[in-house]
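Enquirer: One file is attached below, coords-v8.cif, containing mmCIF, C-alpha atoms and all ligand atoms.
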data_my_file
#
loop_
_atom_site.group_PDB
_atom_site.id
_atom_site.type_symbol
_atom_site.label_atom_id
_atom_site.label_comp_id
_atom_site.auth_asym_id
_atom_site.auth_seq_id
_atom_site.Cartn_x
_atom_site.Cartn_y
_atom_site.Cartn_z
ATOM 1 C CA MET A 1 0.000 0.000 0.000
ATOM 2 C CA ASP A 2 1.312 3.375 -0.982
ATOM 3 C CA VAL A 3 -0.310 5.562 1.628
ATOM 4 C CA LEU A 4 1.874 8.663 1.301
ATOM 5 C CA GLU A 5 1.813 11.279 -1.445
ATOM 6 C CA THR A 6 4.983 13.330 -1.051
ATOM 7 C CA LEU A 7 4.828 16.978 -2.108
ATOM 8 C CA ASP A 8 8.008 18.924 -2.517
ATOM 9 C CA ILE A 9 6.552 22.229 -1.367
ATOM 10 C CA ALA A 10 8.766 24.519 0.742
ATOM 11 C CA SER A 11 6.417 27.437 1.351
ATOM 12 C CA TRP A 12 3.066 27.712 3.150
ATOM 13 C CA ARG A 13 1.915 30.237 0.606
ATOM 14 C CA GLY A 14 1.431 29.539 -3.077
ATOM 15 C CA PRO A 15 0.834 30.012 -5.846
ATOM 16 C CA PHE A 16 1.175 26.283 -6.478
ATOM 17 C CA GLY A 17 1.335 24.933 -10.030
ATOM 18 C CA ALA A 18 -1.682 23.281 -11.646
ATOM 19 C CA ALA A 19 0.036 19.874 -11.788
ATOM 20 C CA VAL A 20 0.859 19.976 -8.066
ATOM 21 C CA ARG A 21 -2.713 21.017 -7.204
ATOM 22 C CA GLN A 22 -4.195 18.265 -9.349
ATOM 23 C CA ASP A 23 -1.999 15.538 -7.842
ATOM 24 C CA ALA A 24 -2.701 16.845 -4.357
ATOM 25 C CA ILE A 25 -6.506 16.809 -4.585
ATOM 26 C CA ALA A 26 -6.625 13.423 -6.334
ATOM 27 C CA ALA A 27 -4.393 11.803 -3.701
ATOM 28 C CA LEU A 28 -6.150 13.490 -0.785
ATOM 29 C CA GLU A 29 -9.663 12.469 -1.868
ATOM 30 C CA ARG A 30 -8.490 8.907 -2.565
ATOM 31 C CA GLY A 31 -7.530 8.597 1.083
ATOM 32 C CA ARG A 32 -3.801 9.115 0.955
ATOM 33 C CA VAL A 33 -1.749 11.207 3.367
ATOM 34 C CA LEU A 34 -0.152 14.266 1.769
ATOM 35 C CA PHE A 35 3.363 14.537 3.144
ATOM 36 C CA PHE A 36 5.412 17.735 3.044
ATOM 37 C CA PRO A 37 8.980 16.799 4.067
ATOM 38 C CA HIS A 38 10.316 20.323 3.409
ATOM 39 C CA LEU A 39 7.586 22.371 5.044
ATOM 40 C CA PRO A 40 8.495 23.116 8.674
ATOM 41 C CA PHE A 41 6.485 25.364 10.968
ATOM 42 C CA VAL A 42 9.326 27.430 12.407
ATOM 43 C CA LEU A 43 9.038 28.722 15.972
ATOM 44 C CA ARG A 44 10.222 32.171 16.956
ATOM 45 C CA ASP A 45 12.951 32.245 19.624
ATOM 46 C CA ALA A 46 10.589 33.287 22.422
ATOM 47 C CA GLU A 47 8.156 30.512 21.465
ATOM 48 C CA ARG A 48 10.721 27.820 22.268
ATOM 49 C CA SER A 49 9.686 28.229 25.915
ATOM 50 C CA LEU A 50 6.345 26.707 24.853
ATOM 51 C CA LEU A 51 8.020 23.352 24.209
ATOM 52 C CA THR A 52 7.048 21.844 27.542
ATOM 53 C CA PRO A 53 4.295 19.405 28.539
ATOM 54 C CA GLU A 54 3.688 21.597 31.620
ATOM 55 C CA LEU A 55 1.522 23.869 29.450
ATOM 56 C CA SER A 56 -1.191 21.241 29.243
ATOM 57 C CA SER A 57 -3.853 21.366 31.937
ATOM 58 C CA GLY A 58 -3.827 17.564 32.092
ATOM 59 C CA ARG A 59 -7.631 17.415 31.796
ATOM 60 C CA ALA A 60 -7.458 16.996 28.013
ATOM 61 C CA LYS A 61 -4.900 15.516 25.632
ATOM 62 C CA ASN A 62 -4.508 18.759 23.762
ATOM 63 C CA ILE A 63 -4.526 22.499 24.177
ATOM 64 C CA SER A 64 -7.027 23.957 21.758
ATOM 65 C CA LEU A 65 -7.681 27.325 20.217
ATOM 66 C CA ASP A 66 -11.087 27.982 18.725
ATOM 67 C CA PRO A 67 -11.384 30.219 15.659
ATOM 68 C CA SER A 68 -12.508 33.133 17.863
ATOM 69 C CA GLY A 69 -9.104 32.988 19.593
ATOM 70 C CA ARG A 70 -10.161 31.369 22.877
ATOM 71 C CA LEU A 71 -7.659 28.924 24.452
ATOM 72 C CA LYS A 72 -8.833 25.779 26.237
ATOM 73 C CA HIS A 73 -7.126 23.190 28.437
ATOM 74 C CA ASP A 74 -3.918 25.127 28.964
ATOM 75 C CA ALA A 75 -2.165 25.674 32.274
ATOM 76 C CA ALA A 76 -0.068 28.593 31.061
ATOM 77 C CA ALA A 77 0.640 31.797 32.970
ATOM 78 C CA LYS A 78 -0.664 34.994 31.380
ATOM 79 C CA ASP A 79 2.496 35.907 29.435
ATOM 80 C CA GLN A 80 2.905 32.328 28.204
ATOM 81 C CA GLN A 81 -0.756 32.336 27.189
ATOM 82 C CA ILE A 82 -0.187 35.326 24.927
ATOM 83 C CA LEU A 83 2.788 33.587 23.292
ATOM 84 C CA LEU A 84 0.842 30.353 22.932
ATOM 85 C CA GLN A 85 -2.132 32.089 21.360
ATOM 86 C CA ALA A 86 0.092 33.952 18.898
ATOM 87 C CA MET A 87 1.966 30.786 17.897
ATOM 88 C CA MET A 88 -1.265 28.841 17.365
ATOM 89 C CA GLN A 89 -2.855 31.723 15.421
ATOM 90 C CA ARG A 90 0.206 31.916 13.183
ATOM 91 C CA PHE A 91 0.063 28.177 12.578
ATOM 92 C CA ALA A 92 -3.655 28.418 11.802
ATOM 93 C CA ALA A 93 -3.018 31.219 9.301
ATOM 94 C CA ASP A 94 -0.281 29.170 7.586
ATOM 95 C CA ALA A 95 -2.568 26.126 7.490
ATOM 96 C CA VAL A 96 -5.416 28.165 5.964
ATOM 97 C CA ALA A 97 -3.027 29.608 3.361
ATOM 98 C CA LEU A 98 -1.642 26.182 2.413
ATOM 99 C CA VAL A 99 -4.994 24.423 2.151
ATOM 100 C CA GLY A 100 -6.579 27.385 0.348
ATOM 101 C CA GLY A 101 -3.655 27.554 -2.092
ATOM 102 C CA LEU A 102 -3.548 23.824 -2.805
ATOM 103 C CA PHE A 103 -7.322 23.366 -3.058
ATOM 104 C CA PRO A 104 -8.846 26.553 -4.458
ATOM 105 C CA ALA A 105 -12.060 24.625 -5.219
ATOM 106 C CA TYR A 106 -12.516 24.042 -1.459
ATOM 107 C CA ALA A 107 -12.009 27.665 -0.468
ATOM 108 C CA ALA A 108 -15.650 28.815 -0.440
ATOM 109 C CA LYS A 109 -16.850 25.779 1.569
ATOM 110 C CA LEU A 110 -13.878 25.319 3.890
ATOM 111 C CA GLU A 111 -14.585 26.032 7.544
ATOM 112 C CA ARG A 112 -11.630 26.624 9.843
ATOM 113 C CA ALA A 113 -12.353 24.662 13.017
ATOM 114 C CA ARG A 114 -10.146 24.141 16.067
ATOM 115 C CA THR A 115 -6.382 24.477 16.200
ATOM 116 C CA SER A 116 -4.640 22.161 18.659
ATOM 117 C CA TYR A 117 -1.239 21.921 20.289
ATOM 118 C CA ARG A 118 -0.170 18.503 21.573
ATOM 119 C CA PRO A 119 2.775 18.991 23.937
ATOM 120 C CA VAL A 120 2.507 15.661 25.798
ATOM 121 C CA GLU A 121 4.292 12.459 24.711
ATOM 122 C CA ILE A 122 1.718 9.974 23.391
ATOM 123 C CA ALA A 123 3.531 6.732 24.210
ATOM 124 C CA GLY A 124 2.740 5.427 27.669
ATOM 125 C CA ARG A 125 -0.408 7.486 28.259
ATOM 126 C CA LYS A 126 -3.355 5.434 29.449
ATOM 127 C CA TYR A 127 -6.853 5.878 28.064
ATOM 128 C CA SER A 128 -9.995 3.829 27.781
ATOM 129 C CA ALA A 129 -10.110 1.699 24.610
ATOM 130 C CA THR A 130 -12.371 4.039 22.629
ATOM 131 C CA LYS A 131 -10.264 7.101 23.558
ATOM 132 C CA ASP A 132 -6.990 5.300 22.809
ATOM 133 C CA ASP A 133 -5.678 6.912 19.608
ATOM 134 C CA THR A 134 -2.791 4.421 19.397
ATOM 135 C CA ARG A 135 -5.456 2.086 17.939
ATOM 136 C CA LEU A 136 -6.385 2.443 14.272
ATOM 137 C CA HIS A 137 -9.552 4.475 13.732
ATOM 138 C CA VAL A 138 -11.330 7.033 11.604
ATOM 139 C CA ASP A 139 -12.217 10.253 13.397
ATOM 140 C CA ALA A 140 -15.787 10.551 14.686
ATOM 141 C CA PHE A 141 -16.829 12.481 17.771
ATOM 142 C CA PRO A 142 -19.910 11.970 19.941
ATOM 143 C CA THR A 143 -20.271 15.712 20.554
ATOM 144 C CA ARG A 144 -19.755 16.944 17.018
ATOM 145 C CA PRO A 145 -22.310 15.774 14.421
ATOM 146 C CA MET A 146 -20.938 16.135 10.879
ATOM 147 C CA ARG A 147 -23.957 14.917 8.832
ATOM 148 C CA GLY A 148 -21.630 13.838 6.053
ATOM 149 C CA ARG A 149 -19.296 16.833 6.116
ATOM 150 C CA ARG A 150 -15.587 16.083 5.983
ATOM 151 C CA ILE A 151 -12.890 16.315 8.647
ATOM 152 C CA LEU A 152 -9.591 17.472 7.133
ATOM 153 C CA ARG A 153 -6.551 17.800 9.403
ATOM 154 C CA LEU A 154 -3.110 19.270 8.938
ATOM 155 C CA PHE A 155 -0.259 18.339 11.308
ATOM 156 C CA SER A 156 3.236 19.712 11.843
ATOM 157 C CA ASN A 157 5.895 18.113 14.029
ATOM 158 C CA ILE A 158 7.624 20.932 15.944
ATOM 159 C CA HIS A 159 9.768 18.749 18.216
ATOM 160 C CA PRO A 160 13.046 20.636 18.877
ATOM 161 C CA GLY A 161 15.159 17.465 18.753
ATOM 162 C CA ALA A 162 14.921 14.394 16.564
ATOM 163 C CA LEU A 163 11.747 12.735 17.890
ATOM 164 C CA PRO A 164 9.407 11.726 15.071
ATOM 165 C CA ARG A 165 5.626 11.552 15.273
ATOM 166 C CA VAL A 166 4.961 7.891 14.562
ATOM 167 C CA TRP A 167 1.686 6.852 12.938
ATOM 168 C CA ASN A 168 0.211 3.657 11.670
ATOM 169 C CA VAL A 169 -1.925 4.037 8.570
ATOM 170 C CA GLY A 170 -4.347 1.204 7.893
ATOM 171 C CA GLU A 171 -6.394 -0.133 5.013
ATOM 172 C CA PRO A 172 -8.648 1.932 2.699
ATOM 173 C CA PHE A 173 -11.939 3.158 4.178
ATOM 174 C CA ALA A 174 -14.162 0.917 2.046
ATOM 175 C CA ASP A 175 -12.170 -2.214 2.991
ATOM 176 C CA MET A 176 -12.409 -1.345 6.675
ATOM 177 C CA ALA A 177 -16.133 -0.544 6.439
ATOM 178 C CA ALA A 178 -16.857 -3.832 4.654
ATOM 179 C CA LYS A 179 -15.426 -5.698 7.656
ATOM 180 C CA ILE A 180 -16.581 -3.503 10.532
ATOM 181 C CA LEU A 181 -19.952 -2.072 9.434
ATOM 182 C CA PRO A 182 -21.906 -5.370 9.706
ATOM 183 C CA ARG A 183 -21.006 -5.406 13.418
ATOM 184 C CA VAL A 184 -21.980 -1.806 14.207
ATOM 185 C CA LYS A 185 -25.011 -1.856 16.483
ATOM 186 C CA PRO A 186 -27.901 0.499 15.719
ATOM 187 C CA PRO A 187 -28.176 3.324 18.262
ATOM 188 C CA MET A 188 -30.985 3.560 20.796
ATOM 189 C CA PRO A 189 -33.829 5.310 18.929
ATOM 190 C CA LEU A 190 -34.135 8.191 21.368
ATOM 191 C CA ALA A 191 -30.423 8.577 22.000
ATOM 192 C CA ALA A 192 -29.731 11.144 19.283
ATOM 193 C CA TRP A 193 -32.704 13.277 20.261
ATOM 194 C CA LEU A 194 -31.819 13.082 23.954
ATOM 195 C CA ARG A 195 -28.200 14.041 23.421
ATOM 196 C CA ALA A 196 -29.232 17.085 21.411
ATOM 197 C CA ALA A 197 -31.994 18.025 23.849
ATOM 198 C CA THR A 198 -29.617 17.859 26.806
ATOM 199 C CA TRP A 199 -26.950 19.916 25.017
ATOM 200 C CA GLN A 200 -24.469 17.065 24.852
ATOM 201 C CA THR A 201 -24.114 17.616 21.127
ATOM 202 C CA ARG A 202 -24.190 20.674 18.934
ATOM 203 C CA GLY A 203 -27.207 19.864 16.798
ATOM 204 C CA LEU A 204 -28.916 16.607 16.003
ATOM 205 C CA ARG A 205 -26.866 13.581 15.045
ATOM 206 C CA SER A 206 -27.628 11.884 11.762
ATOM 207 C CA ARG A 207 -27.534 8.185 10.929
ATOM 208 C CA TYR A 208 -24.171 8.950 9.303
ATOM 209 C CA ASP A 209 -22.777 10.198 12.627
ATOM 210 C CA ASP A 210 -23.992 7.078 14.411
ATOM 211 C CA LEU A 211 -22.399 4.788 11.821
ATOM 212 C CA MET A 212 -19.103 6.695 11.870
ATOM 213 C CA LEU A 213 -18.934 6.605 15.660
ATOM 214 C CA GLY A 214 -19.863 2.914 15.462
ATOM 215 C CA LEU A 215 -16.973 2.276 13.047
ATOM 216 C CA HIS A 216 -14.616 4.251 15.291
ATOM 217 C CA ASP A 217 -15.583 2.397 18.472
ATOM 218 C CA THR A 218 -15.980 -1.073 16.969
ATOM 219 C CA ALA A 219 -12.583 -0.944 15.240
ATOM 220 C CA LYS A 220 -10.838 0.298 18.383
ATOM 221 C CA LEU A 221 -12.446 -2.361 20.575
ATOM 222 C CA ASP A 222 -11.600 -5.230 18.209
ATOM 223 C CA MET A 223 -8.065 -6.273 19.139
ATOM 224 C CA ASP A 224 -8.065 -9.053 16.535
ATOM 225 C CA TYR A 225 -8.767 -6.466 13.846
ATOM 226 C CA GLN A 226 -6.113 -4.151 15.304
ATOM 227 C CA ARG A 227 -3.525 -6.933 15.195
ATOM 228 C CA ALA A 228 -4.368 -8.474 11.828
ATOM 229 C CA THR A 229 -5.251 -5.486 9.662
ATOM 230 C CA PRO A 230 -2.576 -4.316 7.207
ATOM 231 C CA LYS A 231 -0.716 -1.273 8.454
ATOM 232 C CA ASN A 232 2.108 1.013 7.432
ATOM 233 C CA GLU A 233 4.248 2.619 10.094
ATOM 234 C CA ILE A 234 5.282 6.155 9.197
ATOM 235 C CA ALA A 235 7.713 8.329 11.163
ATOM 236 C CA PHE A 236 7.070 12.028 10.552
ATOM 237 C CA ALA A 237 10.345 13.746 11.444
ATOM 238 C CA PRO A 238 10.538 17.136 13.158
ATOM 239 C CA GLY A 239 10.233 19.912 10.590
ATOM 240 C CA THR A 240 7.734 18.005 8.459
ATOM 241 C CA THR A 241 4.032 18.556 7.824
ATOM 242 C CA TRP A 242 1.250 16.230 6.704
ATOM 243 C CA LEU A 243 -2.430 16.469 5.788
ATOM 244 C CA CYS A 244 -5.246 13.975 5.390
ATOM 245 C CA TYR A 245 -8.961 13.343 5.701
ATOM 246 C CA THR A 246 -8.971 11.778 9.167
ATOM 247 C CA ASP A 247 -12.619 10.696 8.740
ATOM 248 C CA GLN A 248 -11.420 8.470 5.870
ATOM 249 C CA VAL A 249 -7.815 7.457 6.563
ATOM 250 C CA MET A 250 -7.470 4.695 9.166
ATOM 251 C CA HIS A 251 -4.797 6.141 11.443
ATOM 252 C CA ALA A 252 -3.207 5.647 14.845
ATOM 253 C CA ALA A 253 -0.744 7.956 16.593
ATOM 254 C CA LEU A 254 1.781 5.728 18.357
ATOM 255 C CA SER A 255 4.371 8.097 19.763
ATOM 256 C CA GLY A 256 5.776 11.594 19.560
ATOM 257 C CA GLN A 257 5.567 14.938 21.290
ATOM 258 C CA PHE A 258 5.033 18.572 20.241
ATOM 259 C CA VAL A 259 2.698 18.603 17.286
ATOM 260 C CA LEU A 260 0.490 21.405 16.016
ATOM 261 C CA GLU A 261 -2.747 20.494 14.257
ATOM 262 C CA GLN A 262 -5.378 22.439 12.357
ATOM 263 C CA THR A 263 -8.836 20.982 11.706
ATOM 264 C CA PHE A 264 -11.035 21.989 8.776
ATOM 265 C CA HIS A 265 -14.587 20.980 7.974
ATOM 266 C CA LEU A 266 -15.739 20.799 4.389
ATOM 267 C CA ASP A 267 -19.051 20.259 2.593
ATOM 268 C CA ILE A 268 -18.789 17.280 0.264
ATOM 269 C CA ASP A 269 -20.155 19.196 -2.728
ATOM 270 C CA ALA A 270 -16.864 21.145 -2.755
ATOM 271 C CA MET A 271 -14.945 17.898 -3.379
ATOM 272 C CA ALA A 272 -13.706 16.977 -6.842
ATOM 273 C CA GLU A 273 -15.079 13.457 -6.276
ATOM 274 C CA PRO A 274 -17.833 13.596 -3.612
ATOM 275 C CA ALA A 275 -18.637 9.878 -4.075
ATOM 276 C CA ARG A 276 -15.311 9.096 -2.392
ATOM 277 C CA ALA A 277 -16.441 10.738 0.874
ATOM 278 C CA PRO A 278 -17.231 8.284 3.690
ATOM 279 C CA ILE A 279 -20.919 9.181 3.424
ATOM 280 C CA GLY A 280 -20.887 8.207 -0.262
ATOM 281 C CA VAL A 281 -19.216 4.883 0.519
ATOM 282 C CA LEU A 282 -21.567 4.122 3.431
ATOM 283 C CA GLU A 283 -24.724 5.113 1.514
ATOM 284 C CA LYS A 284 -23.711 2.775 -1.278
ATOM 285 C CA MET A 285 -23.119 -0.044 1.215
ATOM 286 C CA THR A 286 -26.338 0.479 3.159
ATOM 287 C CA GLY A 287 -28.528 1.480 0.214
ATOM 288 C CA ARG A 288 -30.067 4.425 2.069
ATOM 289 C CA ALA A 289 -29.613 8.139 2.660
ATOM 290 C CA LEU A 290 -27.691 8.723 5.886
ATOM 291 C CA ALA A 291 -27.986 12.481 6.414
HETATM 292 FE FE FE A 301 -7.739 10.451 15.065
#
With the file now loaded, output its structure as structure tokens.

Expert:
Amino acid sequence: MDVLETLDIASWRGPFGAAVRQDAIAALERGRVLFFPHLPFVLRDAERSLLTPELSSGRAKNISLDPSGRLKHDAAAKDQQILLQAMMQRFAADAVALVGGLFPAYAAKLERARTSYRPVEIAGRKYSATKDDTRLHVDAFPTRPMRGRRILRLFSNIHPGALPRVWNVGEPFADMAAKILPRVKPPMPLAAWLRAATWQTRGLRSRYDDLMLGLHDTAKLDMDYQRATPKNEIAFAPGTTWLCYTDQVMHAALSGQFVLEQTFHLDIDAMAEPARAPIGVLEKMTGRALA
């Protein structure tokens, strides 16, 4: 399996040539990981003080910045907070420029969601099975109904030394779904309504959201699947950047520390090939509309 598409881009801001853009969108929508080995996110001198796990509040895996500029889950003092916010905003702006430049067709429908900073080493942390991101999964969140919209994520390893971010990338989405979907249990009929009514989710969940969360949980809980499924281990070195549809690419983050991540949401009608979206694949498999 050739899961990586390497792009020799050395600047966050285009213009990028037509051939590069065409290769990038085709590979991305087919479920490959776009890899930018020469695209570092460079910290300013003062920002090097942010390279410490102490910044994390410990309540969540990641420090997050919402698009309005509000920080969450940090334990930083006021002056550090200002630095942290500025670094994350700068990363977000670079991410927006790169994705906008590479995929001009997405621009009108692309929503900038959360930015996150992950300053804690992954290896050795203990989580419940369904929260354990060292197991292969597609992204799906109980509190964030997508109704078929895409989750696109850009990552940059900013480790100051040599520590790579190590991922496993698994089989194509359709292959995974063919194995896992028959075992996904239907949700309790009132569960979606109740969650929305009690403000546990932003908006009503669709059948698509239930199936995606079912795929996420069922795959993570199935240790035989985790062991036997084909996987590619990839070590993303410091100074490199990568981008993929994490609702489509089976991925697991095994180890590493100090990564910045930007999430985007995208309507599927902005895609070059909307039928390749998970909702297209799942609707074909189930023979019904899911959102
Ligand atoms: Fe994930």

Enquirer: Measuring atom to atom with only C-alpha atoms, identify which of A:Asp2, A:Glu29, A:Asp132, A:Asp45 is nearest to Leu243 (chain A).

Expert: A:Glu29

Enquirer: Can you spell out as a PyMOL selection string the set of residues that the PyMOL selection byres (((not hetatm)) within 12 of (chain A and resi 301)) selects in the structure I just provided?

Expert: chain A and resi 130-141+151-155+167-169+213+216-217+220+244-254+261+263

Enquirer: Would you export the selected residues with C-alpha atoms as an mmCIF file, in the coordinates of the input, please?

Expert:
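As written to disk, result28.cif reads:
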data_model
loop_
_atom_site.group_PDB
_atom_site.id
_atom_site.type_symbol
_atom_site.label_atom_id
_atom_site.label_comp_id
_atom_site.auth_asym_id
_atom_site.auth_seq_id
_atom_site.Cartn_x
_atom_site.Cartn_y
_atom_site.Cartn_z
ATOM 1 C CA THR A 130 -12.371 4.039 22.629
ATOM 2 C CA LYS A 131 -10.264 7.101 23.558
ATOM 3 C CA ASP A 132 -6.990 5.300 22.809
ATOM 4 C CA ASP A 133 -5.678 6.912 19.608
ATOM 5 C CA THR A 134 -2.791 4.421 19.397
ATOM 6 C CA ARG A 135 -5.456 2.086 17.939
ATOM 7 C CA LEU A 136 -6.385 2.443 14.272
ATOM 8 C CA HIS A 137 -9.552 4.475 13.732
ATOM 9 C CA VAL A 138 -11.330 7.033 11.604
ATOM 10 C CA ASP A 139 -12.217 10.253 13.397
ATOM 11 C CA ALA A 140 -15.787 10.551 14.686
ATOM 12 C CA PHE A 141 -16.829 12.481 17.771
ATOM 13 C CA ILE A 151 -12.890 16.315 8.647
ATOM 14 C CA LEU A 152 -9.591 17.472 7.133
ATOM 15 C CA ARG A 153 -6.551 17.800 9.403
ATOM 16 C CA LEU A 154 -3.110 19.270 8.938
ATOM 17 C CA PHE A 155 -0.259 18.339 11.308
ATOM 18 C CA TRP A 167 1.686 6.852 12.938
ATOM 19 C CA ASN A 168 0.211 3.657 11.670
ATOM 20 C CA VAL A 169 -1.925 4.037 8.570
ATOM 21 C CA LEU A 213 -18.934 6.605 15.660
ATOM 22 C CA HIS A 216 -14.616 4.251 15.291
ATOM 23 C CA ASP A 217 -15.583 2.397 18.472
ATOM 24 C CA LYS A 220 -10.838 0.298 18.383
ATOM 25 C CA CYS A 244 -5.246 13.975 5.390
ATOM 26 C CA TYR A 245 -8.961 13.343 5.701
ATOM 27 C CA THR A 246 -8.971 11.778 9.167
ATOM 28 C CA ASP A 247 -12.619 10.696 8.740
ATOM 29 C CA GLN A 248 -11.420 8.470 5.870
ATOM 30 C CA VAL A 249 -7.815 7.457 6.563
ATOM 31 C CA MET A 250 -7.470 4.695 9.166
ATOM 32 C CA HIS A 251 -4.797 6.141 11.443
ATOM 33 C CA ALA A 252 -3.207 5.647 14.845
ATOM 34 C CA ALA A 253 -0.744 7.956 16.593
ATOM 35 C CA LEU A 254 1.781 5.728 18.357
ATOM 36 C CA GLU A 261 -2.747 20.494 14.257
ATOM 37 C CA THR A 263 -8.836 20.982 11.706
#

Enquirer: Pick out the closest residue to Pro119 (chain A) from this set: A:Gln257, A:Phe35, A:Gly101, A:Met212. Count all atoms listed in the file.

Expert: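 Checking each candidate against Pro119 (chain A), we get A:Gln257 as the closest.
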
Enquirer: Produce a table with one row for each residue of region 179-276 of chain A that has an atom at most 9 Å from any atom of region 157-160 of chain A, each row naming the nearest atom pair and its distance in Å at one decimal; use all atoms listed in the file; arrange rows by chain and rising residue number; format as a tab-separated table.

Expert:
residue	atom	partner	partner_atom	distance
A:Phe236	CA	A:Asn157	CA	7.1
A:Ala237	CA	A:Asn157	CA	6.7
A:Pro238	CA	A:Asn157	CA	4.8
A:Gly239	CA	A:Asn157	CA	5.8
A:Thr240	CA	A:Asn157	CA	5.9
A:Thr241	CA	A:Asn157	CA	6.5
A:Trp242	CA	A:Asn157	CA	8.9
A:Gly256	CA	A:His159	CA	8.3
A:Gln257	CA	A:His159	CA	6.5
A:Phe258	CA	A:His159	CA	5.2
A:Val259	CA	A:Asn157	CA	4.6
A:Leu260	CA	A:Asn157	CA	6.6
A:Glu261	CA	A:Asn157	CA	9.0

Enquirer: On this structure, which residues satisfy the PyMOL selection byres (((chain A and resi 53-68) around 6) and not hetatm), written as JSON, numbers by chain?

Expert: {"A": [52, 69, 70, 71, 72, 73, 74, 75, 76, 114, 115, 116, 117, 118, 119, 120]}
